[in-house]
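To keep things clear, I will list the structure first and then write my remarks on it.
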Amino acid sequence: MNSQEQGFCGLRVLVSGASSGIGRQIALELIQKGAHTILLGRRKEKLEETAQLSCAPDRAEVCVLDLTRLEDIGPAIGDLAGRLGRLYGLCHCAGVVQTLPLAASKPERVRAMLDLNFMAGLELARAITRRDILSETGGSILWIASIYAHVGAPGQIGYCASKGAITAAVRAMALELASRKVRVNSISPGMVSTDMTDAAASRMSKEQWAHIAALHPLGPGEPRDVARAAAFLLDPDNRWITGADLIIDGGFTLQ
Ligand SMILES: NC(=O)c1ccc[n+]([C@@H]2O[C@H](COP(=O)([O-])OP(=O)(O)OC[C@H]3O[C@@H](n4cnc5c(N)ncnc54)[C@H](OP(=O)(O)O)[C@@H]3O)[C@@H](O)[C@H]2O)c1
């Protein structure tokens with residue numbers, strides 16, 4: 001590391017969805033890069049597993065929280081900061097997808113996706129950027145959106161809306177928080193092999209699945225493909241990148 005660069009050393013970053021898939025890999029990458037990482041999700045044993053899989057479990061803190069309980073988020077972040085100290089970063093990776101044709105897109109079902117994928121991230125960002133919680137040197141917020149913020153798919157009206165809300169809000173948030181040296185970015189991944197995609201695959205025929213995979217010229221991605229970019233965007237040394245959405249999709253949206 002260049003002697004002028006500080007990297008993540010001594011900085012605290014919270015990763016939601018750190019119990020599996022992309023969020024787990026982002027947490028592992030951040031710990032490897034020296035960050036003190038708060039692992040957030042509902043399944044304590046899976047979060048502890050993430051900590052154990054890391055190169056430095058002493059730099060991992062488990063936070064069990066159901067993010068659909070939006071009113072619990074602020075107090076939980078306040079408690080964490082009180083115990084551990086100020087936070088530098090947030091990666092909101094927790095998310096859910098449900099395939100719902102328009103006729104099945106009832107308010108409560110769409111709202112469940114909007115709440116976790118978007119509103120919970122907003123609540124986390126609101127809590128972390130409180131003046132008594134955010135690091136005095138600034139901060140970095142990263143959202144995991146999706147290619148479905150950019151393209152449509154039948155049955156994905158609610159999911160597309162929840163991810164499109166992220167990329168739109170990132171631009172406004174980046175402008176609003178720039179004066180406080182808080183950067184806000186998002187990543188829009190294509191299909192990445194995780195529990196989420198395994199669950200989706202189990203509801204499709206082999207041919208349907210092979211068709212989706214074939215739409216990615218470089219093939220489906222792995223969590224690490226997203227995690228490396230996530231660490232890059234969160235890194236305090238990349239101080240001039242804000243309001244960006246990085247599409248990482250093996251070429252899916254080029255066609
Ligand atoms: N995989 C893909 O192809 C793909 C593509 C584009 C975008 N994405 C996005 O990437 C993110 C991660 O997806 P993934 O594939 O890694 O999925 P995953 O393996 O199913 O992980 C989802 C994560 O969200 C957490 N979560 C779910 N409900 C929660 C709740 N109510 N409160 C707190 N945490 C909750 C889960 O933890 P607990 O169960 O422990 O709560 C889990 O850690 C999602 O936002 C997804 O939309 C995925």
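In the structure tokens, each chain is lettered A, B, ... as it comes, each chain's residues begin at 1, and ligands are numbered from 1 in order of appearance.
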
For ligand 1, list the contacting residues at 7 Å or closer, counting only C-alpha atoms and all ligand atoms, as a count of residues only.
40

Could you pull out the helix (DSSP H, G or I) residues of region 10-188 of chain A, going by DSSP on the backbone, and write them as a PyMOL selection string?
chain A and resi 21-32+44-53+57-59+70-84+102-104+107-128+147-149+157-180

Taking the DSSP secondary structure from the backbone, can you list the residues of region 30-167 of chain A that are strand (DSSP E), as an mmCIF file with N, CA, C and O atoms, in the first residue's frame?
data_model
loop_
_atom_site.group_PDB
_atom_site.id
_atom_site.type_symbol
_atom_site.label_atom_id
_atom_site.label_comp_id
_atom_site.auth_asym_id
_atom_site.auth_seq_id
_atom_site.Cartn_x
_atom_site.Cartn_y
_atom_site.Cartn_z
ATOM 1 N N HIS A 36 -12.753 -3.485 10.274
ATOM 2 C CA HIS A 36 -13.541 -4.100 11.354
ATOM 3 C C HIS A 36 -14.959 -4.184 10.804
ATOM 4 O O HIS A 36 -15.537 -3.164 10.449
ATOM 5 N N THR A 37 -15.479 -5.385 10.698
ATOM 6 C CA THR A 37 -16.707 -5.567 9.928
ATOM 7 C C THR A 37 -17.843 -6.068 10.800
ATOM 8 O O THR A 37 -17.687 -7.046 11.538
ATOM 9 N N ILE A 38 -18.961 -5.385 10.707
ATOM 10 C CA ILE A 38 -20.155 -5.790 11.457
ATOM 11 C C ILE A 38 -21.008 -6.624 10.510
ATOM 12 O O ILE A 38 -21.391 -6.163 9.428
ATOM 13 N N LEU A 39 -21.257 -7.862 10.919
ATOM 14 C CA LEU A 39 -21.970 -8.826 10.080
ATOM 15 C C LEU A 39 -23.428 -8.839 10.503
ATOM 16 O O LEU A 39 -23.755 -9.281 11.606
ATOM 17 N N LEU A 40 -24.313 -8.364 9.621
ATOM 18 C CA LEU A 40 -25.725 -8.247 9.994
ATOM 19 C C LEU A 40 -26.599 -9.204 9.187
ATOM 20 O O LEU A 40 -26.432 -9.348 7.985
ATOM 21 N N GLY A 41 -27.523 -9.849 9.892
ATOM 22 C CA GLY A 41 -28.488 -10.752 9.264
ATOM 23 C C GLY A 41 -29.383 -11.325 10.360
ATOM 24 O O GLY A 41 -29.258 -10.945 11.531
ATOM 25 N N ALA A 60 -14.420 -9.214 13.340
ATOM 26 C CA ALA A 60 -15.815 -9.402 12.913
ATOM 27 C C ALA A 60 -16.727 -9.321 14.128
ATOM 28 O O ALA A 60 -16.433 -9.891 15.181
ATOM 29 N N GLU A 61 -17.822 -8.594 13.977
ATOM 30 C CA GLU A 61 -18.811 -8.443 15.059
ATOM 31 C C GLU A 61 -20.169 -8.872 14.494
ATOM 32 O O GLU A 61 -20.591 -8.372 13.444
ATOM 33 N N VAL A 62 -20.820 -9.788 15.189
ATOM 34 C CA VAL A 62 -22.109 -10.292 14.699
ATOM 35 C C VAL A 62 -23.253 -9.411 15.207
ATOM 36 O O VAL A 62 -23.286 -9.053 16.387
ATOM 37 N N CYS A 63 -24.170 -9.059 14.309
ATOM 38 C CA CYS A 63 -25.344 -8.271 14.710
ATOM 39 C C CYS A 63 -26.588 -8.961 14.150
ATOM 40 O O CYS A 63 -26.812 -8.958 12.935
ATOM 41 N N VAL A 64 -27.364 -9.553 15.030
ATOM 42 C CA VAL A 64 -28.573 -10.268 14.595
ATOM 43 C C VAL A 64 -29.732 -9.275 14.575
ATOM 44 O O VAL A 64 -30.073 -8.679 15.605
ATOM 45 N N GLY A 89 -18.456 2.850 7.239
ATOM 46 C CA GLY A 89 -19.092 2.392 5.997
ATOM 47 C C GLY A 89 -20.290 1.492 6.187
ATOM 48 O O GLY A 89 -20.501 0.909 7.259
ATOM 49 N N LEU A 90 -21.068 1.400 5.107
ATOM 50 C CA LEU A 90 -22.248 0.537 5.072
ATOM 51 C C LEU A 90 -22.321 -0.117 3.704
ATOM 52 O O LEU A 90 -22.159 0.558 2.682
ATOM 53 N N CYS A 91 -22.552 -1.418 3.702
ATOM 54 C CA CYS A 91 -22.918 -2.076 2.449
ATOM 55 C C CYS A 91 -24.263 -2.756 2.679
ATOM 56 O O CYS A 91 -24.367 -3.685 3.497
ATOM 57 N N HIS A 92 -25.283 -2.268 1.990
ATOM 58 C CA HIS A 92 -26.611 -2.892 2.150
ATOM 59 C C HIS A 92 -26.768 -3.953 1.067
ATOM 60 O O HIS A 92 -27.045 -3.631 -0.096
ATOM 61 N N GLY A 139 -17.393 9.036 5.119
ATOM 62 C CA GLY A 139 -17.875 7.657 5.063
ATOM 63 C C GLY A 139 -18.142 7.198 3.648
ATOM 64 O O GLY A 139 -17.967 7.949 2.676
ATOM 65 N N SER A 140 -18.575 5.947 3.556
ATOM 66 C CA SER A 140 -18.840 5.360 2.243
ATOM 67 C C SER A 140 -20.024 4.400 2.369
ATOM 68 O O SER A 140 -20.037 3.536 3.252
ATOM 69 N N ILE A 141 -20.990 4.588 1.480
ATOM 70 C CA ILE A 141 -22.197 3.751 1.513
ATOM 71 C C ILE A 141 -22.304 3.046 0.169
ATOM 72 O O ILE A 141 -22.205 3.678 -0.883
ATOM 73 N N LEU A 142 -22.509 1.751 0.219
ATOM 74 C CA LEU A 142 -22.637 0.969 -1.007
ATOM 75 C C LEU A 142 -23.915 0.150 -0.942
ATOM 76 O O LEU A 142 -24.203 -0.500 0.066
ATOM 77 N N TRP A 143 -24.663 0.192 -2.024
ATOM 78 C CA TRP A 143 -25.891 -0.601 -2.137
ATOM 79 C C TRP A 143 -25.671 -1.692 -3.174
ATOM 80 O O TRP A 143 -25.078 -1.432 -4.223
ATOM 81 N N ILE A 144 -26.206 -2.869 -2.914
ATOM 82 C CA ILE A 144 -26.197 -3.900 -3.947
ATOM 83 C C ILE A 144 -27.566 -3.855 -4.623
ATOM 84 O O ILE A 144 -28.581 -4.230 -4.028
#

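Minimum atom-to-atom distance to Ala169 (chain A), evaluated using only C-alpha atoms, belongs to A:Gly243 out of A:Gly243, A:Gly138, A:Gly221, A:Gly155.
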
Distance query Arg171 (chain A) at most 9 Å, only C-alpha atoms, self and fewer than 5 positions along chain excluded, as a list of chain:residue names:
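Residues near the query, excluding close chain neighbours: A:Ile166, A:Glu176, A:Val184, A:Asn185, A:Thr242, A:Gly243, A:Ala244.
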
So that I can see what lies close to Leu28 (chain A), please list as a PyMOL selection string the residues with an atom at most 9 Å from it, counting only C-alpha atoms and leaving out residues fewer than 2 positions away in the same chain.
chain A and resi 18+23-26+30-33+37+50-51+53-55+227

What would the file look like if the residues just selected were written as a compact mmCIF listing (two decimals), in the first residue's frame with N, CA, C and O atoms?
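Writing done, so here's again.txt:
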# COMPACT_ATOMS: atom_id res chain seq x y z
N ALA A 18 -24.78 -10.52 5.56
CA ALA A 18 -23.44 -11.12 5.66
C ALA A 18 -23.48 -12.61 6.01
O ALA A 18 -22.44 -13.23 6.19
N GLY A 23 -23.20 -11.04 0.21
CA GLY A 23 -22.89 -10.26 1.43
C GLY A 23 -21.80 -10.92 2.25
O GLY A 23 -20.92 -10.25 2.78
N ARG A 24 -21.87 -12.26 2.37
CA ARG A 24 -20.81 -12.97 3.12
C ARG A 24 -19.45 -12.71 2.47
O ARG A 24 -18.48 -12.40 3.14
N GLN A 25 -19.40 -12.81 1.16
CA GLN A 25 -18.12 -12.65 0.46
C GLN A 25 -17.60 -11.23 0.57
O GLN A 25 -16.40 -11.00 0.70
N ILE A 26 -18.51 -10.26 0.55
CA ILE A 26 -18.09 -8.86 0.72
C ILE A 26 -17.49 -8.68 2.12
O ILE A 26 -16.44 -8.06 2.29
N LEU A 30 -13.68 -7.51 3.00
CA LEU A 30 -13.40 -6.31 3.79
C LEU A 30 -12.52 -6.65 5.00
O LEU A 30 -11.60 -5.89 5.33
N ILE A 31 -12.81 -7.78 5.63
CA ILE A 31 -11.99 -8.18 6.79
C ILE A 31 -10.55 -8.42 6.32
O ILE A 31 -9.59 -7.99 6.94
N GLN A 32 -10.44 -9.08 5.18
CA GLN A 32 -9.10 -9.35 4.63
C GLN A 32 -8.36 -8.06 4.34
O GLN A 32 -7.14 -7.98 4.48
N LYS A 33 -9.09 -7.02 4.01
CA LYS A 33 -8.45 -5.73 3.70
C LYS A 33 -8.26 -4.87 4.94
O LYS A 33 -7.92 -3.70 4.85
N THR A 37 -15.48 -5.38 10.70
CA THR A 37 -16.71 -5.57 9.93
C THR A 37 -17.84 -6.07 10.80
O THR A 37 -17.69 -7.05 11.54
N THR A 50 -19.57 -16.96 9.06
CA THR A 50 -18.85 -15.97 8.24
C THR A 50 -17.61 -15.48 8.99
O THR A 50 -16.51 -15.42 8.43
N ALA A 51 -17.80 -15.16 10.28
CA ALA A 51 -16.67 -14.67 11.08
C ALA A 51 -15.57 -15.72 11.12
O ALA A 51 -14.38 -15.41 10.93
N LEU A 53 -14.96 -18.07 8.99
CA LEU A 53 -14.35 -18.27 7.66
C LEU A 53 -13.35 -17.17 7.32
O LEU A 53 -12.56 -17.30 6.40
N SER A 54 -13.41 -16.07 8.07
CA SER A 54 -12.57 -14.92 7.74
C SER A 54 -11.14 -15.13 8.23
O SER A 54 -10.88 -15.99 9.08
N CYS A 55 -10.24 -14.29 7.72
CA CYS A 55 -8.83 -14.42 8.13
C CYS A 55 -8.60 -13.81 9.51
O CYS A 55 -7.55 -14.04 10.10
N ALA A 227 -17.69 -9.05 -4.77
CA ALA A 227 -17.04 -8.62 -3.52
C ALA A 227 -15.80 -7.76 -3.77
O ALA A 227 -15.54 -6.79 -3.06

Report, in Å with one decimal, the straight-line distance from CA of Gly152 (chain A) to CA of Gln98 (chain A).
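Atom-to-atom, CA of Gly152 (chain A) to CA of Gln98 (chain A), that is 14.2 Å.
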
List the neighbours of Leu102 (chain A) out to 10 Å using only C-alpha atoms; skip same-chain residues closer than 6 positions along the sequence, and give me the result as a ChimeraX atom specification.
/A:154-158

Take the residues that were just selected and, keeping all heavy atoms, output them as a CSV table (one decimal), in the first residue's frame.
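Listing of part11.csv after writing:
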chain,number,residue,atom,x,y,z
A,154,PRO,N,-40.2,-10.4,-17.2
A,154,PRO,CA,-41.6,-10.8,-16.8
A,154,PRO,C,-41.6,-11.3,-15.4
A,154,PRO,O,-40.7,-12.1,-15.0
A,154,PRO,CB,-42.0,-11.9,-17.8
A,154,PRO,CG,-41.1,-11.8,-18.9
A,154,PRO,CD,-39.8,-11.2,-18.4
A,155,GLY,N,-42.6,-10.9,-14.6
A,155,GLY,CA,-42.7,-11.4,-13.2
A,155,GLY,C,-41.8,-10.7,-12.2
A,155,GLY,O,-41.7,-11.1,-11.1
A,156,GLN,N,-41.1,-9.7,-12.7
A,156,GLN,CA,-40.1,-9.0,-11.8
A,156,GLN,C,-40.5,-7.5,-11.5
A,156,GLN,O,-39.6,-6.7,-11.3
A,156,GLN,CB,-38.7,-9.1,-12.3
A,156,GLN,CG,-38.2,-10.5,-12.5
A,156,GLN,CD,-38.2,-11.3,-11.2
A,156,GLN,OE1,-38.2,-10.8,-10.1
A,156,GLN,NE2,-38.3,-12.7,-11.3
A,157,ILE,N,-41.8,-7.2,-11.6
A,157,ILE,CA,-42.2,-5.8,-11.5
A,157,ILE,C,-41.7,-5.2,-10.1
A,157,ILE,O,-41.1,-4.2,-10.0
A,157,ILE,CB,-43.7,-5.6,-11.7
A,157,ILE,CG1,-44.1,-6.1,-13.1
A,157,ILE,CG2,-44.1,-4.2,-11.5
A,157,ILE,CD1,-45.6,-6.4,-13.2
A,158,GLY,N,-42.1,-6.0,-9.1
A,158,GLY,CA,-41.8,-5.5,-7.7
A,158,GLY,C,-40.3,-5.5,-7.5
A,158,GLY,O,-39.7,-4.5,-6.9

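The gap separating CA of Ala201 (chain A) from CA of Leu100 (chain A) is 15.5 Å, in Å to one decimal.
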
Where does region 77-127 of chain A meet region 7-10 of chain A within 12 Å, residue by residue, with the nearest atom pair and distance in Å to one decimal for each, counting only C-alpha atoms, listed by chain and rising number, as JSON lines?
{"residue": "A:Leu84", "atom": "CA", "partner": "A:Gly10", "partner_atom": "CA", "distance": 11.4}
{"residue": "A:Gly85", "atom": "CA", "partner": "A:Gly10", "partner_atom": "CA", "distance": 10.6}
{"residue": "A:Arg86", "atom": "CA", "partner": "A:Gly10", "partner_atom": "CA", "distance": 10.5}
{"residue": "A:Leu87", "atom": "CA", "partner": "A:Gly10", "partner_atom": "CA", "distance": 10.1}
{"residue": "A:Tyr88", "atom": "CA", "partner": "A:Phe8", "partner_atom": "CA", "distance": 9.1}
{"residue": "A:Gly89", "atom": "CA", "partner": "A:Phe8", "partner_atom": "CA", "distance": 9.7}

Tell me, as number ranges by chain, which residues lie within 12 Å of Gln6 (chain A), counting only C-alpha atoms; anything in the same chain fewer than 5 positions away does not count.
A: 1, 11, 33-35, 137, 235-239

Written file, previous selection with N, CA and C atoms, as a PDB file, in the first residue's frame:
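What landed in result-v2.pdb:
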ATOM      1  N   MET A   1       0.841  -1.207   0.000  1.00  0.00           N
ATOM      2  CA  MET A   1       0.000   0.000   0.000  1.00  0.00           C
ATOM      3  C   MET A   1       0.875   1.256   0.000  1.00  0.00           C
ATOM      4  N   LEU A  11     -11.060   1.128  10.425  1.00  0.00           N
ATOM      5  CA  LEU A  11     -12.401   1.616  10.077  1.00  0.00           C
ATOM      6  C   LEU A  11     -13.444   0.515  10.276  1.00  0.00           C
ATOM      7  N   LYS A  33      -9.092  -7.016   4.007  1.00  0.00           N
ATOM      8  CA  LYS A  33      -8.452  -5.732   3.696  1.00  0.00           C
ATOM      9  C   LYS A  33      -8.264  -4.873   4.944  1.00  0.00           C
ATOM     10  N   GLY A  34      -8.553  -5.446   6.125  1.00  0.00           N
ATOM     11  CA  GLY A  34      -8.234  -4.749   7.373  1.00  0.00           C
ATOM     12  C   GLY A  34      -9.393  -4.053   8.052  1.00  0.00           C
ATOM     13  N   ALA A  35     -10.608  -4.115   7.465  1.00  0.00           N
ATOM     14  CA  ALA A  35     -11.753  -3.431   8.091  1.00  0.00           C
ATOM     15  C   ALA A  35     -12.259  -4.212   9.298  1.00  0.00           C
ATOM     16  N   THR A 137     -14.147  11.559   9.731  1.00  0.00           N
ATOM     17  CA  THR A 137     -13.430  11.808   8.464  1.00  0.00           C
ATOM     18  C   THR A 137     -14.324  11.603   7.246  1.00  0.00           C
ATOM     19  N   ASP A 235     -13.640   1.492  -0.384  1.00  0.00           N
ATOM     20  CA  ASP A 235     -12.291   1.870   0.055  1.00  0.00           C
ATOM     21  C   ASP A 235     -12.142   3.390   0.168  1.00  0.00           C
ATOM     22  N   PRO A 236     -11.735   3.897   1.329  1.00  0.00           N
ATOM     23  CA  PRO A 236     -11.614   5.359   1.498  1.00  0.00           C
ATOM     24  C   PRO A 236     -10.609   5.982   0.549  1.00  0.00           C
ATOM     25  N   ASP A 237      -9.686   5.194   0.020  1.00  0.00           N
ATOM     26  CA  ASP A 237      -8.695   5.772  -0.894  1.00  0.00           C
ATOM     27  C   ASP A 237      -9.285   6.102  -2.269  1.00  0.00           C
ATOM     28  N   ASN A 238     -10.439   5.526  -2.570  1.00  0.00           N
ATOM     29  CA  ASN A 238     -11.094   5.862  -3.851  1.00  0.00           C
ATOM     30  C   ASN A 238     -12.062   7.020  -3.619  1.00  0.00           C
ATOM     31  N   ARG A 239     -11.500   8.122  -3.175  1.00  0.00           N
ATOM     32  CA  ARG A 239     -12.237   9.222  -2.566  1.00  0.00           C
ATOM     33  C   ARG A 239     -13.051  10.075  -3.545  1.00  0.00           C
TER      34      ARG A 239
END
